[in-house]
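Structure file start08.cif; described as mmCIF, C-alpha atoms and all ligand atoms.
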```cif
data_model
loop_
_atom_site.label_atom_id
_atom_site.label_comp_id
_atom_site.auth_asym_id
_atom_site.auth_seq_id
_atom_site.Cartn_x
_atom_site.Cartn_y
_atom_site.Cartn_z
CA MET L 14 0.00 0.00 0.00
CA GLN L 15 1.18 3.53 -0.77
CA TYR L 16 0.74 6.15 1.95
CA ARG L 17 0.37 9.91 1.65
CA VAL L 18 0.07 12.82 4.05
CA LEU L 19 -3.47 14.19 4.32
CA GLY L 20 -2.66 17.88 3.91
CA ARG L 21 -1.90 19.84 7.05
CA THR L 22 -3.74 17.31 9.24
CA GLY L 23 -0.37 15.53 9.11
CA LEU L 24 -2.20 12.19 9.15
CA ARG L 25 -0.43 9.42 7.24
CA VAL L 26 -3.17 7.80 5.18
CA SER L 27 -3.41 4.97 2.70
CA ALA L 28 -3.74 6.09 -0.93
CA LEU L 29 -6.83 3.88 -1.11
CA GLY L 30 -9.64 4.79 1.26
CA PHE L 31 -12.63 2.60 2.11
CA GLY L 32 -16.00 4.25 1.45
CA THR L 33 -18.66 2.52 3.54
CA MET L 34 -21.70 3.49 1.44
CA ARG L 35 -22.02 0.35 -0.70
CA PHE L 36 -22.35 -2.52 1.72
CA LYS L 37 -24.52 -5.37 0.51
CA MET L 38 -28.08 -4.97 1.81
CA VAL L 39 -30.44 -7.88 2.44
CA GLU L 40 -34.07 -6.94 3.09
CA GLY L 41 -33.10 -3.47 4.28
CA LYS L 42 -30.24 -4.65 6.51
CA VAL L 43 -26.50 -4.56 5.89
CA ASP L 44 -25.10 -8.07 5.48
CA GLU L 45 -22.69 -7.55 8.37
CA GLY L 46 -20.73 -10.75 7.79
CA ILE L 47 -19.67 -9.73 4.27
CA ALA L 48 -19.21 -6.06 5.21
CA ILE L 49 -17.00 -6.71 8.23
CA GLU L 50 -14.97 -9.32 6.35
CA ALA L 51 -14.27 -6.73 3.61
CA LEU L 52 -13.39 -4.05 6.19
CA HIS L 53 -11.02 -6.40 8.01
CA ARG L 54 -9.42 -7.53 4.75
CA ALA L 55 -8.79 -3.87 3.88
CA MET L 56 -7.24 -3.24 7.32
CA ASP L 57 -5.05 -6.33 6.92
CA LEU L 58 -3.84 -5.07 3.53
CA GLY L 59 -2.90 -1.64 4.88
CA VAL L 60 -5.96 0.52 4.19
CA ASN L 61 -6.30 2.91 7.13
CA TYR L 62 -8.84 5.54 5.99
CA PHE L 63 -12.51 4.64 6.51
CA ASP L 64 -15.22 7.06 5.48
CA SER L 65 -18.81 6.89 6.65
CA ALA L 66 -21.83 9.20 6.99
CA VAL L 67 -24.97 9.26 9.06
CA GLY L 68 -27.24 8.27 6.18
CA TYR L 69 -25.12 5.66 4.37
CA CYS L 70 -26.66 2.18 3.95
CA GLU L 71 -29.99 3.21 5.40
CA SER L 72 -28.21 4.76 8.39
CA GLN L 73 -26.42 1.51 9.36
CA SER L 74 -22.96 2.24 7.96
CA GLU L 75 -21.48 3.93 11.05
CA ALA L 76 -22.53 1.11 13.37
CA VAL L 77 -21.12 -1.58 11.05
CA LEU L 78 -17.84 0.32 10.79
CA GLY L 79 -17.84 0.64 14.59
CA LYS L 80 -18.11 -3.15 14.94
CA ALA L 81 -15.26 -3.70 12.46
CA LEU L 82 -13.06 -1.24 14.38
CA LYS L 83 -13.49 -3.06 17.69
CA GLY L 84 -10.01 -3.95 18.91
CA ARG L 85 -8.46 -2.51 15.71
CA ARG L 86 -8.89 1.25 16.19
CA GLU L 87 -5.20 2.05 16.56
CA GLY L 88 -3.67 3.54 13.42
CA MET L 89 -7.06 3.82 11.69
CA VAL L 90 -8.40 7.16 10.47
CA VAL L 91 -12.16 7.43 10.87
CA SER L 92 -14.20 9.93 8.92
CA THR L 93 -17.90 10.70 9.10
CA LYS L 94 -20.20 13.60 8.30
CA TYR L 95 -22.77 16.08 9.56
CA PRO L 96 -25.85 16.03 7.28
CA PRO L 97 -27.11 19.63 7.02
CA TRP L 98 -30.21 19.06 4.89
CA GLY L 99 -33.70 19.55 6.23
CA ARG L 100 -32.57 20.46 9.76
CA SER L 101 -31.73 23.55 11.78
CA ALA L 102 -27.97 23.13 11.26
CA THR L 103 -27.27 24.99 14.51
CA ALA L 104 -24.17 24.45 16.64
CA ASP L 105 -26.26 22.52 19.18
CA ASP L 106 -27.74 20.28 16.50
CA CYS L 107 -24.28 19.48 15.15
CA ARG L 108 -23.04 18.68 18.65
CA GLN L 109 -25.91 16.24 19.14
CA VAL L 110 -25.22 14.54 15.79
CA ILE L 111 -21.51 14.21 16.67
CA GLU L 112 -22.38 12.50 19.96
CA GLN L 113 -24.69 10.07 18.15
CA SER L 114 -21.99 9.26 15.58
CA LEU L 115 -19.40 8.71 18.33
CA SER L 116 -21.76 6.27 19.98
CA ARG L 117 -22.54 4.34 16.76
CA LEU L 118 -18.88 4.23 15.76
CA ALA L 119 -17.94 3.29 19.33
CA VAL L 120 -14.90 5.59 19.26
CA ASP L 121 -13.73 8.38 21.60
CA ALA L 122 -13.01 10.79 18.74
CA ILE L 123 -13.73 11.21 15.05
CA ASP L 124 -10.50 11.87 13.15
CA VAL L 125 -11.97 13.72 10.16
CA TYR L 126 -15.38 15.35 10.56
CA HIS L 127 -17.07 16.56 7.39
CA MET L 128 -19.81 19.05 6.73
CA HIS L 129 -21.61 16.78 4.25
CA GLY L 130 -22.43 17.64 0.62
CA LEU L 131 -21.83 21.38 0.62
CA ASP L 132 -22.89 23.53 -2.27
CA TRP L 133 -22.53 27.27 -1.89
CA GLU L 134 -26.07 27.77 -0.61
CA ILE L 135 -25.81 25.09 2.09
CA ALA L 136 -22.27 26.24 2.92
CA GLN L 137 -23.54 29.69 3.83
CA LYS L 138 -26.06 28.14 6.22
CA VAL L 139 -23.60 25.68 7.80
CA LEU L 140 -20.60 28.03 8.05
CA ALA L 141 -22.46 31.02 9.56
CA THR L 142 -21.67 32.15 13.10
CA GLY L 143 -23.48 29.92 15.61
CA ALA L 144 -24.23 27.32 12.94
CA ALA L 145 -23.14 23.66 12.62
CA ILE L 146 -19.48 24.44 12.00
CA ASP L 147 -19.27 26.13 15.41
CA GLY L 148 -20.65 22.99 17.04
CA ALA L 149 -17.93 20.99 15.29
CA ARG L 150 -15.28 23.54 16.31
CA LYS L 151 -16.33 23.26 19.95
CA ALA L 152 -16.24 19.46 19.70
CA LYS L 153 -12.72 19.79 18.26
CA GLU L 154 -11.61 21.91 21.22
CA GLU L 155 -12.91 19.16 23.50
CA GLY L 156 -11.09 16.44 21.57
CA LEU L 157 -14.24 14.74 20.21
CA VAL L 158 -13.28 15.67 16.65
CA ARG L 159 -9.70 15.94 15.43
CA HIS L 160 -9.91 17.66 12.03
CA LEU L 161 -12.64 19.59 10.19
CA ALA L 162 -13.53 18.83 6.58
CA PHE L 163 -16.21 19.23 3.96
CA SER L 164 -17.54 17.19 1.09
CA PHE L 165 -18.43 19.16 -1.98
CA HIS L 166 -20.92 19.14 -4.86
CA ASP L 167 -21.16 22.40 -6.80
CA ASP L 168 -19.57 24.55 -9.48
CA PRO L 169 -15.82 23.87 -8.94
CA LYS L 170 -15.08 27.56 -8.27
CA ARG L 171 -17.32 27.37 -5.20
CA MET L 172 -14.85 24.94 -3.63
CA ILE L 173 -12.36 27.79 -3.48
CA ASP L 174 -14.99 30.13 -2.01
CA ILE L 175 -15.72 27.62 0.76
CA ILE L 176 -12.01 27.17 1.54
CA LYS L 177 -11.65 30.96 1.83
CA ALA L 178 -14.81 31.25 3.96
CA ALA L 179 -13.62 28.68 6.53
CA PRO L 180 -9.81 28.51 6.59
CA ASP L 181 -9.84 25.94 9.41
CA LEU L 182 -11.26 23.25 7.10
CA GLU L 183 -8.37 20.86 6.55
CA VAL L 184 -9.76 18.29 4.10
CA VAL L 185 -12.03 18.41 1.07
CA THR L 186 -13.77 15.35 -0.34
CA CYS L 187 -14.95 15.78 -3.94
CA GLN L 188 -15.76 14.03 -7.21
CA TYR L 189 -13.01 13.37 -9.73
CA ASN L 190 -12.49 10.65 -12.30
CA LEU L 191 -11.43 9.91 -15.87
CA LEU L 192 -14.77 11.11 -17.23
CA ASP L 193 -15.27 14.07 -14.93
CA ARG L 194 -12.23 16.24 -14.34
CA ALA L 195 -14.13 19.46 -13.64
CA ASN L 196 -12.73 19.80 -10.09
CA GLU L 197 -9.08 19.39 -11.15
CA ASP L 198 -8.04 23.06 -10.83
CA SER L 199 -9.90 23.57 -7.55
CA MET L 200 -8.30 20.42 -6.15
CA ALA L 201 -4.90 21.91 -7.03
CA TYR L 202 -5.88 25.10 -5.17
CA ALA L 203 -6.98 23.05 -2.16
CA HIS L 204 -3.73 21.09 -2.15
CA ASP L 205 -1.61 24.23 -2.54
CA ASN L 206 -3.42 25.73 0.45
CA GLY L 207 -2.62 22.78 2.67
CA LEU L 208 -5.86 20.80 2.47
CA GLY L 209 -5.95 17.05 2.11
CA VAL L 210 -7.86 16.07 -1.04
CA VAL L 211 -10.01 12.94 -0.89
CA VAL L 212 -11.55 11.81 -4.17
CA MET L 213 -14.91 10.11 -4.14
CA GLY L 214 -16.17 8.28 -7.19
CA PRO L 215 -12.76 7.41 -8.66
CA VAL L 216 -14.54 4.82 -10.81
CA GLY L 217 -17.24 7.28 -11.83
CA GLY L 218 -19.97 6.07 -9.46
CA GLY L 219 -19.72 2.61 -11.05
CA ARG L 220 -19.68 3.79 -14.69
CA LEU L 221 -15.99 2.90 -14.92
CA GLY L 222 -16.57 -0.39 -13.19
CA PHE L 223 -17.53 -1.88 -16.56
CA PRO L 224 -15.07 -3.00 -19.22
CA SER L 225 -14.19 -0.59 -22.03
CA GLU L 226 -11.72 -1.44 -24.77
CA GLN L 227 -11.43 2.25 -25.63
CA LEU L 228 -10.44 3.20 -22.09
CA GLN L 229 -8.17 0.25 -21.51
CA GLY L 230 -6.49 1.05 -24.82
CA LEU L 231 -5.64 4.59 -23.63
CA LEU L 232 -2.64 3.36 -21.72
CA PRO L 233 0.40 2.45 -23.76
CA GLY L 234 0.90 -1.27 -23.19
CA GLY L 235 -2.72 -1.64 -22.06
CA THR L 236 -4.02 -2.18 -18.56
CA SER L 237 -5.85 -5.15 -17.18
CA THR L 238 -9.22 -3.59 -16.32
CA THR L 239 -11.09 -0.30 -16.66
CA PRO L 240 -11.53 0.20 -12.88
CA GLU L 241 -7.80 -0.35 -12.43
CA LEU L 242 -6.98 2.35 -14.99
CA ALA L 243 -9.56 4.66 -13.39
CA LEU L 244 -8.01 4.27 -9.95
CA ARG L 245 -4.46 4.65 -11.21
CA PHE L 246 -5.44 7.79 -13.12
CA VAL L 247 -6.84 9.43 -9.97
CA LEU L 248 -3.83 8.43 -7.87
CA ALA L 249 -1.43 9.74 -10.51
CA ASN L 250 -2.68 13.26 -9.78
CA PRO L 251 -0.15 14.65 -7.26
CA ASN L 252 -2.85 16.77 -5.61
CA VAL L 253 -4.85 13.72 -4.56
CA SER L 254 -4.30 12.35 -1.06
CA ILE L 255 -6.80 9.47 -1.13
CA ALA L 256 -8.96 7.71 -3.71
CA LEU L 257 -12.06 6.64 -1.84
CA SER L 258 -13.67 3.54 -3.22
CA GLY L 259 -17.04 2.18 -2.12
CA MET L 260 -16.11 -1.46 -1.61
CA ASN L 261 -18.36 -4.29 -0.52
CA THR L 262 -16.44 -7.54 -0.91
CA SER L 263 -12.97 -8.77 0.00
CA GLU L 264 -12.29 -9.48 -3.71
CA MET L 265 -12.97 -5.86 -4.59
CA VAL L 266 -10.71 -4.74 -1.75
CA GLU L 267 -7.89 -6.96 -3.04
CA GLU L 268 -8.19 -5.66 -6.64
CA ASN L 269 -8.21 -2.03 -5.52
CA VAL L 270 -5.35 -2.53 -3.09
CA ALA L 271 -3.25 -4.03 -5.92
CA ALA L 272 -3.88 -0.94 -8.08
CA ALA L 273 -3.13 1.44 -5.19
CA SER L 274 0.06 -0.38 -4.19
CA ARG L 275 2.10 0.36 -7.30
CA ASP L 276 5.18 2.52 -6.68
CA THR L 277 4.03 4.86 -9.43
CA ALA L 278 0.31 5.04 -10.28
CA LEU L 279 1.11 6.19 -13.83
CA THR L 280 4.40 7.52 -15.18
CA HIS L 281 4.46 11.12 -16.39
CA GLU L 282 4.40 9.86 -20.00
CA GLU L 283 1.51 7.48 -19.34
CA ARG L 284 -0.57 10.18 -17.66
CA HIS L 285 0.19 12.57 -20.51
CA ALA L 286 -0.91 9.96 -23.08
CA VAL L 287 -4.14 9.30 -21.16
CA VAL L 288 -4.95 13.03 -20.80
CA GLN L 289 -4.33 13.61 -24.53
CA ALA L 290 -6.61 10.73 -25.48
CA LEU L 291 -9.25 11.87 -22.98
CA GLN L 292 -9.23 15.36 -24.45
CA GLU L 293 -9.73 13.92 -27.93
CA ASN L 294 -12.59 11.72 -26.69
CA ARG L 295 -14.14 14.67 -24.86
CA ARG L 296 -13.99 16.69 -28.09
CA LEU L 297 -15.72 13.82 -29.86
CA ALA L 298 -18.37 13.56 -27.15
CA ASP L 299 -19.04 17.32 -27.32
CA LEU L 300 -19.42 17.06 -31.09
CA TYR L 301 -22.32 14.75 -30.43
CA CYS L 302 -23.84 16.64 -27.49
CA THR L 303 -22.38 19.02 -24.90
CA GLY L 304 -25.28 18.47 -22.49
CA CYS L 305 -26.12 22.21 -22.50
CA GLY L 306 -29.87 21.52 -22.23
CA TYR L 307 -30.95 24.35 -24.59
CA CYS L 308 -33.18 21.86 -26.41
CA MET L 309 -35.21 21.22 -23.26
CA PRO L 310 -37.93 20.87 -22.23
CA CYS L 311 -39.31 18.46 -24.78
CA PRO L 312 -43.11 18.75 -24.87
CA ASN L 313 -43.27 14.98 -24.95
CA GLY L 314 -41.05 14.45 -21.89
CA VAL L 315 -37.92 13.07 -23.60
CA ASN L 316 -34.79 13.79 -21.60
CA ILE L 317 -32.69 14.64 -24.64
CA PRO L 318 -29.30 15.40 -22.97
CA ASP L 319 -29.45 12.36 -20.69
CA ASN L 320 -30.26 10.07 -23.64
CA PHE L 321 -27.26 11.47 -25.51
CA ARG L 322 -25.06 11.24 -22.42
CA LEU L 323 -25.72 7.50 -22.34
CA MET L 324 -25.18 7.28 -26.08
CA ASN L 325 -21.79 8.94 -25.57
CA LEU L 326 -20.88 6.42 -22.87
CA HIS L 327 -21.47 3.75 -25.50
CA ARG L 328 -20.16 5.47 -28.63
CA VAL L 329 -17.22 7.48 -27.33
CA TRP L 330 -16.12 5.68 -24.19
CA GLY L 331 -17.04 2.09 -25.07
CA LEU L 332 -19.01 1.72 -21.83
CA THR L 333 -21.85 -0.07 -23.59
CA ALA L 334 -22.94 -2.38 -20.78
CA VAL L 335 -23.45 0.45 -18.28
CA ALA L 336 -25.13 2.66 -20.92
CA ARG L 337 -27.65 -0.09 -21.73
CA HIS L 338 -28.25 -0.78 -18.07
CA ARG L 339 -28.95 2.90 -17.33
CA TYR L 340 -31.09 3.32 -20.45
CA GLN L 341 -33.57 0.93 -18.86
CA SER L 342 -33.98 3.21 -15.86
CA PHE L 343 -35.61 6.08 -17.80
CA GLY L 344 -39.27 6.32 -16.84
CA PRO L 345 -42.22 8.58 -16.09
CA ASP L 346 -41.39 8.68 -12.36
CA LYS L 347 -39.95 12.21 -12.74
CA PRO L 348 -40.74 15.01 -15.18
CA ASN L 349 -38.95 15.02 -18.54
CA ASN L 350 -37.37 11.65 -17.97
CA LEU L 351 -38.44 9.53 -20.93
CA ASN L 352 -36.14 7.62 -23.20
CA ALA L 353 -35.53 8.24 -26.89
CA GLU L 354 -38.40 6.01 -27.94
CA ALA L 355 -40.94 8.59 -26.67
CA CYS L 356 -39.92 11.13 -29.34
CA ILE L 357 -42.90 11.88 -31.62
CA GLU L 358 -40.71 13.84 -34.07
CA CYS L 359 -42.48 17.18 -33.54
CA GLY L 360 -39.21 18.96 -34.39
CA GLU L 361 -39.47 21.60 -31.66
CA CYS L 362 -36.03 20.87 -30.20
CA GLU L 363 -33.77 20.89 -33.26
CA PRO L 364 -33.67 24.65 -34.01
CA LYS L 365 -32.63 25.29 -30.38
CA CYS L 366 -29.48 23.12 -30.50
CA PRO L 367 -26.29 25.22 -30.88
CA GLN L 368 -24.45 22.10 -32.06
CA LYS L 369 -26.96 21.65 -34.91
CA ILE L 370 -27.44 18.05 -33.88
CA PRO L 371 -30.07 16.18 -35.90
CA ILE L 372 -31.77 15.29 -32.63
CA ILE L 373 -34.58 13.17 -34.06
CA GLU L 374 -32.22 10.95 -36.06
CA GLN L 375 -29.77 10.71 -33.17
CA LEU L 376 -32.53 9.71 -30.76
CA LYS L 377 -33.55 6.91 -33.10
CA GLU L 378 -29.94 5.76 -33.25
CA THR L 379 -29.69 5.96 -29.46
CA HIS L 380 -32.72 3.76 -29.01
CA ARG L 381 -31.42 1.22 -31.53
CA ALA L 382 -28.04 1.08 -29.79
CA LEU L 383 -29.19 0.98 -26.18
CA CYS L 384 -32.51 -0.83 -26.13
CA GLN L 385 -32.19 -4.58 -25.94
CA GLU L 386 -35.58 -5.23 -27.56
CA ALA L 387 -34.84 -2.83 -30.43
CA GLN L 388 -31.68 -4.78 -31.16
CA GLU L 389 -33.40 -8.10 -31.06
CA ALA L 390 -36.05 -6.76 -33.51
CA ASP L 391 -33.30 -5.56 -35.93
S1 LIG A 1 -38.61 16.14 -31.78
FE1 LIG A 1 -38.81 14.55 -30.25
S2 LIG A 1 -37.31 15.07 -28.72
FE2 LIG A 1 -37.58 16.89 -29.99
S3 LIG A 1 -39.08 18.09 -28.89
FE3 LIG A 1 -40.20 16.81 -30.36
S4 LIG A 1 -40.75 14.96 -29.26
FE4 LIG A 1 -39.20 16.01 -28.06
S1 LIG A 2 -29.19 21.53 -27.27
FE1 LIG A 2 -28.01 20.08 -28.48
S2 LIG A 2 -26.02 19.98 -27.46
FE2 LIG A 2 -27.44 20.95 -26.02
S3 LIG A 2 -28.25 19.23 -24.80
FE3 LIG A 2 -29.66 19.50 -26.50
S4 LIG A 2 -28.91 18.09 -28.07
FE4 LIG A 2 -27.27 18.34 -26.60
#
```

Represent the structure from my file as structure tokens, please.
Ligand code: SF4
Ligand code: SF4
Amino acid sequence: MQYRVLGRTGLRVSALGFGTMRFKMVEGKVDEGIAIEALHRAMDLGVNYFDSAVGYCESQSEAVLGKALKGRREGMVVSTKYPPWGRSATADDCRQVIEQSLSRLAVDAIDVYHMHGLDWEIAQKVLATGAAIDGARKAKEEGLVRHLAFSFHDDPKRMIDIIKAAPDLEVVTCQYNLLDRANEDSMAYAHDNGLGVVVMGPVGGGRLGFPSEQLQGLLPGGTSTTPELALRFVLANPNVSIALSGMNTSEMVEENVAAASRDTALTHEERHAVVQALQENRRLADLYCTGCGYCMPCPNGVNIPDNFRLMNLHRVWGLTAVARHRYQSFGPDKPNNLNAEACIECGECEPKCPQKIPIIEQLKETHRALCQEAQEAD
């Protein structure tokens, strides 16, 4: 296992972190046997960063992690989060939530305590005087929390605004992967300003967990699997402290540990070759559809950009299996969420597309490529 320093926390952490949000569930309950076996396997192989949150796995994740840590706490770095949504987010409320997390985790202190899922609007609520962050600061003074952190979902520039607004935050956890590099510059800013940078979704929330000849072919000499390349790509970024992977079996732990244990994640030349190829693929994807949404709404409820996003996963990135799987999940459960088949060819969208995409034709092609039944009928 490779180890890195988590910014100015000074903590020595494993390059691979264990995200505890994907434990196997059976009838609404975490399968504790499998989960704890995977956690222990990770500890045995040198993983020492474990990230949880109040709501993960139907609010059972912290307690399961607590059981796995019994008798093995020493040297482990435990992270969890304050969920600010739909609550007062006062200092007192945060203090109460910290005490509950300490009890579920069965630890005396939380090493890294996050304000969970900040966008700029929630950040202003949580970081105000007398708000949740002050509860966490007080808990830190009392030794219940060791380091303050935030997880982030917003326009990348807002990450910098949050860092400036609360200079005592020492760690940021954010999205970053081969297909989504939007946070790259803000991560560099965070790193340069002494924050530890933890990457969630290094395999693209599962999208990069599927095989892709195109992606595997990006690396000179090839690589054995797409998830391995995805993990190595994230770890090759010098601003990244930890790649956090949501693991749920010992086998997955072993595969990820192997990828995170290489002396060099990617050489300078390999990373350069991958970035060049990614830029070319991105250009190709944008030629098809940039996802701008100007064509929306469709009067017939077709989610045009999302259909094309899946088509790009198939056509540009070779992630056909995941694209087909996700194509099946379109449905009338939310507004404007129908698949390409629902297009009645009214033509309203096409003049609004700055890319001049022949939307109707492309939707037909999308349906043919991604719908199993359409293929069988062909
Ligand atoms: S052409 Fe199809 S996708 Fe475009 S607006 Fe009409 S129904 Fe919607
Ligand atoms: S307007 Fe064109 S480029 Fe923008 S989302 Fe719609 S189809 Fe894609």

Which residues, written as a short mmCIF file (atom, residue, chain, number, x, y, z; two decimals) with C-alpha atoms, keeping the file's coordinate frame, have at least one atom at most 10 Å from His327 in chain L, with only C-alpha atoms counted and residues fewer than 3 positions away on the same chain left out?
```cif
data_model
loop_
_atom_site.label_atom_id
_atom_site.label_comp_id
_atom_site.auth_asym_id
_atom_site.auth_seq_id
_atom_site.Cartn_x
_atom_site.Cartn_y
_atom_site.Cartn_z
CA SER L 225 -14.19 -0.59 -22.03
CA PHE L 321 -27.26 11.47 -25.51
CA ARG L 322 -25.06 11.24 -22.42
CA LEU L 323 -25.72 7.50 -22.34
CA MET L 324 -25.18 7.28 -26.08
CA TRP L 330 -16.12 5.68 -24.19
CA GLY L 331 -17.04 2.09 -25.07
CA LEU L 332 -19.01 1.72 -21.83
CA THR L 333 -21.85 -0.07 -23.59
CA ALA L 334 -22.94 -2.38 -20.78
CA VAL L 335 -23.45 0.45 -18.28
CA ALA L 336 -25.13 2.66 -20.92
CA ARG L 337 -27.65 -0.09 -21.73
CA THR L 379 -29.69 5.96 -29.46
CA ALA L 382 -28.04 1.08 -29.79
CA LEU L 383 -29.19 0.98 -26.18
#
```

Please identify all protein, DNA and RNA residues within 6 Å of ligand LIG 2 (chain A), counting all atoms listed in the file, and report them as an mmCIF file with C-alpha atoms, keeping the file's coordinate frame.
```
data_model
loop_
_atom_site.group_PDB
_atom_site.id
_atom_site.type_symbol
_atom_site.label_atom_id
_atom_site.label_comp_id
_atom_site.auth_asym_id
_atom_site.auth_seq_id
_atom_site.Cartn_x
_atom_site.Cartn_y
_atom_site.Cartn_z
ATOM 1 C CA CYS L 302 -23.840 16.640 -27.490
ATOM 2 C CA THR L 303 -22.380 19.020 -24.900
ATOM 3 C CA GLY L 304 -25.280 18.470 -22.490
ATOM 4 C CA CYS L 305 -26.120 22.210 -22.500
ATOM 5 C CA GLY L 306 -29.870 21.520 -22.230
ATOM 6 C CA TYR L 307 -30.950 24.350 -24.590
ATOM 7 C CA CYS L 308 -33.180 21.860 -26.410
ATOM 8 C CA PRO L 318 -29.300 15.400 -22.970
ATOM 9 C CA LYS L 365 -32.630 25.290 -30.380
ATOM 10 C CA CYS L 366 -29.480 23.120 -30.500
ATOM 11 C CA PRO L 367 -26.290 25.220 -30.880
ATOM 12 C CA GLN L 368 -24.450 22.100 -32.060
ATOM 13 C CA ILE L 370 -27.440 18.050 -33.880
#
```

Please return as an mmCIF file with C-alpha atoms, in the frame of the given file every residue within 12 Å of (-8.8, 12.3, -6.4), taking into account all atoms listed in the file and the file's own coordinates.
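point06.cif was written with the following content:
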```
data_model
loop_
_atom_site.group_PDB
_atom_site.id
_atom_site.type_symbol
_atom_site.label_atom_id
_atom_site.label_comp_id
_atom_site.auth_asym_id
_atom_site.auth_seq_id
_atom_site.Cartn_x
_atom_site.Cartn_y
_atom_site.Cartn_z
ATOM 1 C CA ALA L 28 -3.740 6.090 -0.930
ATOM 2 C CA LEU L 29 -6.830 3.880 -1.110
ATOM 3 C CA GLY L 30 -9.640 4.790 1.260
ATOM 4 C CA VAL L 185 -12.030 18.410 1.070
ATOM 5 C CA THR L 186 -13.770 15.350 -0.340
ATOM 6 C CA CYS L 187 -14.950 15.780 -3.940
ATOM 7 C CA GLN L 188 -15.760 14.030 -7.210
ATOM 8 C CA TYR L 189 -13.010 13.370 -9.730
ATOM 9 C CA ASN L 190 -12.490 10.650 -12.300
ATOM 10 C CA LEU L 191 -11.430 9.910 -15.870
ATOM 11 C CA ASP L 193 -15.270 14.070 -14.930
ATOM 12 C CA ARG L 194 -12.230 16.240 -14.340
ATOM 13 C CA ALA L 195 -14.130 19.460 -13.640
ATOM 14 C CA ASN L 196 -12.730 19.800 -10.090
ATOM 15 C CA GLU L 197 -9.080 19.390 -11.150
ATOM 16 C CA ASP L 198 -8.040 23.060 -10.830
ATOM 17 C CA SER L 199 -9.900 23.570 -7.550
ATOM 18 C CA MET L 200 -8.300 20.420 -6.150
ATOM 19 C CA ALA L 201 -4.900 21.910 -7.030
ATOM 20 C CA ALA L 203 -6.980 23.050 -2.160
ATOM 21 C CA HIS L 204 -3.730 21.090 -2.150
ATOM 22 C CA GLY L 209 -5.950 17.050 2.110
ATOM 23 C CA VAL L 210 -7.860 16.070 -1.040
ATOM 24 C CA VAL L 211 -10.010 12.940 -0.890
ATOM 25 C CA VAL L 212 -11.550 11.810 -4.170
ATOM 26 C CA MET L 213 -14.910 10.110 -4.140
ATOM 27 C CA GLY L 214 -16.170 8.280 -7.190
ATOM 28 C CA PRO L 215 -12.760 7.410 -8.660
ATOM 29 C CA VAL L 216 -14.540 4.820 -10.810
ATOM 30 C CA GLY L 217 -17.240 7.280 -11.830
ATOM 31 C CA ALA L 243 -9.560 4.660 -13.390
ATOM 32 C CA LEU L 244 -8.010 4.270 -9.950
ATOM 33 C CA ARG L 245 -4.460 4.650 -11.210
ATOM 34 C CA PHE L 246 -5.440 7.790 -13.120
ATOM 35 C CA VAL L 247 -6.840 9.430 -9.970
ATOM 36 C CA LEU L 248 -3.830 8.430 -7.870
ATOM 37 C CA ALA L 249 -1.430 9.740 -10.510
ATOM 38 C CA ASN L 250 -2.680 13.260 -9.780
ATOM 39 C CA PRO L 251 -0.150 14.650 -7.260
ATOM 40 C CA ASN L 252 -2.850 16.770 -5.610
ATOM 41 C CA VAL L 253 -4.850 13.720 -4.560
ATOM 42 C CA SER L 254 -4.300 12.350 -1.060
ATOM 43 C CA ILE L 255 -6.800 9.470 -1.130
ATOM 44 C CA ALA L 256 -8.960 7.710 -3.710
ATOM 45 C CA LEU L 257 -12.060 6.640 -1.840
ATOM 46 C CA SER L 258 -13.670 3.540 -3.220
#
```

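Restricting the calculation to all atoms listed in the file, the smallest distance between Ala141 in chain L and any of L:Val18, L:Ala102, L:Cys362, L:Val266 is found for L:Ala102.
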
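In this comparison, which uses only C-alpha atoms, the residue of L:Ile123, L:His129, L:Gly207, L:Gly59 approaching Gly23 in chain L most closely is L:Gly207.
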
I want to know what sits within 7 Å of Lys37 in chain L, based on only C-alpha atoms, with residues of the same chain fewer than 4 positions away left out; could you give that as a ChimeraX atom specification? /L:43-44,261

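Taking only C-alpha atoms and all ligand atoms into account, the protein and nucleic acid residues that come at most 9 Å from ligand LIG 1 (chain A) are L:Cys308, L:Met309, L:Pro310, L:Cys311, L:Pro312, L:Asn313, L:Gly314, L:Val315, L:Asn316, L:Ile317, L:Ala353, L:Glu354, L:Ala355, L:Cys356, L:Ile357, L:Glu358, L:Cys359, L:Gly360, L:Glu361, L:Cys362, L:Glu363, L:Ile372, L:Ile373, L:Leu376.
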
Quick one: distance from CA of Arg381 in chain L to CA of Gly344 in chain L in Å, one decimal? 17.4 Å

Write out as a PDB file with C-alpha atoms, keeping the file's coordinate frame each polymer residue whose atoms come within 10 Å of Leu131 in chain L, counting only C-alpha atoms; drop sequence neighbours fewer than 6 positions from it.
```
ATOM      1  CA  PRO L  96     -25.850  16.030   7.280  1.00  0.00           C
ATOM      2  CA  PRO L  97     -27.110  19.630   7.020  1.00  0.00           C
ATOM      3  CA  TRP L  98     -30.210  19.060   4.890  1.00  0.00           C
ATOM      4  CA  GLN L 137     -23.540  29.690   3.830  1.00  0.00           C
ATOM      5  CA  LYS L 138     -26.060  28.140   6.220  1.00  0.00           C
ATOM      6  CA  VAL L 139     -23.600  25.680   7.800  1.00  0.00           C
ATOM      7  CA  PHE L 163     -16.210  19.230   3.960  1.00  0.00           C
ATOM      8  CA  SER L 164     -17.540  17.190   1.090  1.00  0.00           C
ATOM      9  CA  PHE L 165     -18.430  19.160  -1.980  1.00  0.00           C
ATOM     10  CA  HIS L 166     -20.920  19.140  -4.860  1.00  0.00           C
ATOM     11  CA  ASP L 167     -21.160  22.400  -6.800  1.00  0.00           C
ATOM     12  CA  ARG L 171     -17.320  27.370  -5.200  1.00  0.00           C
ATOM     13  CA  MET L 172     -14.850  24.940  -3.630  1.00  0.00           C
ATOM     14  CA  ILE L 175     -15.720  27.620   0.760  1.00  0.00           C
ATOM     15  CA  CYS L 187     -14.950  15.780  -3.940  1.00  0.00           C
TER      16      CYS L 187
END
```
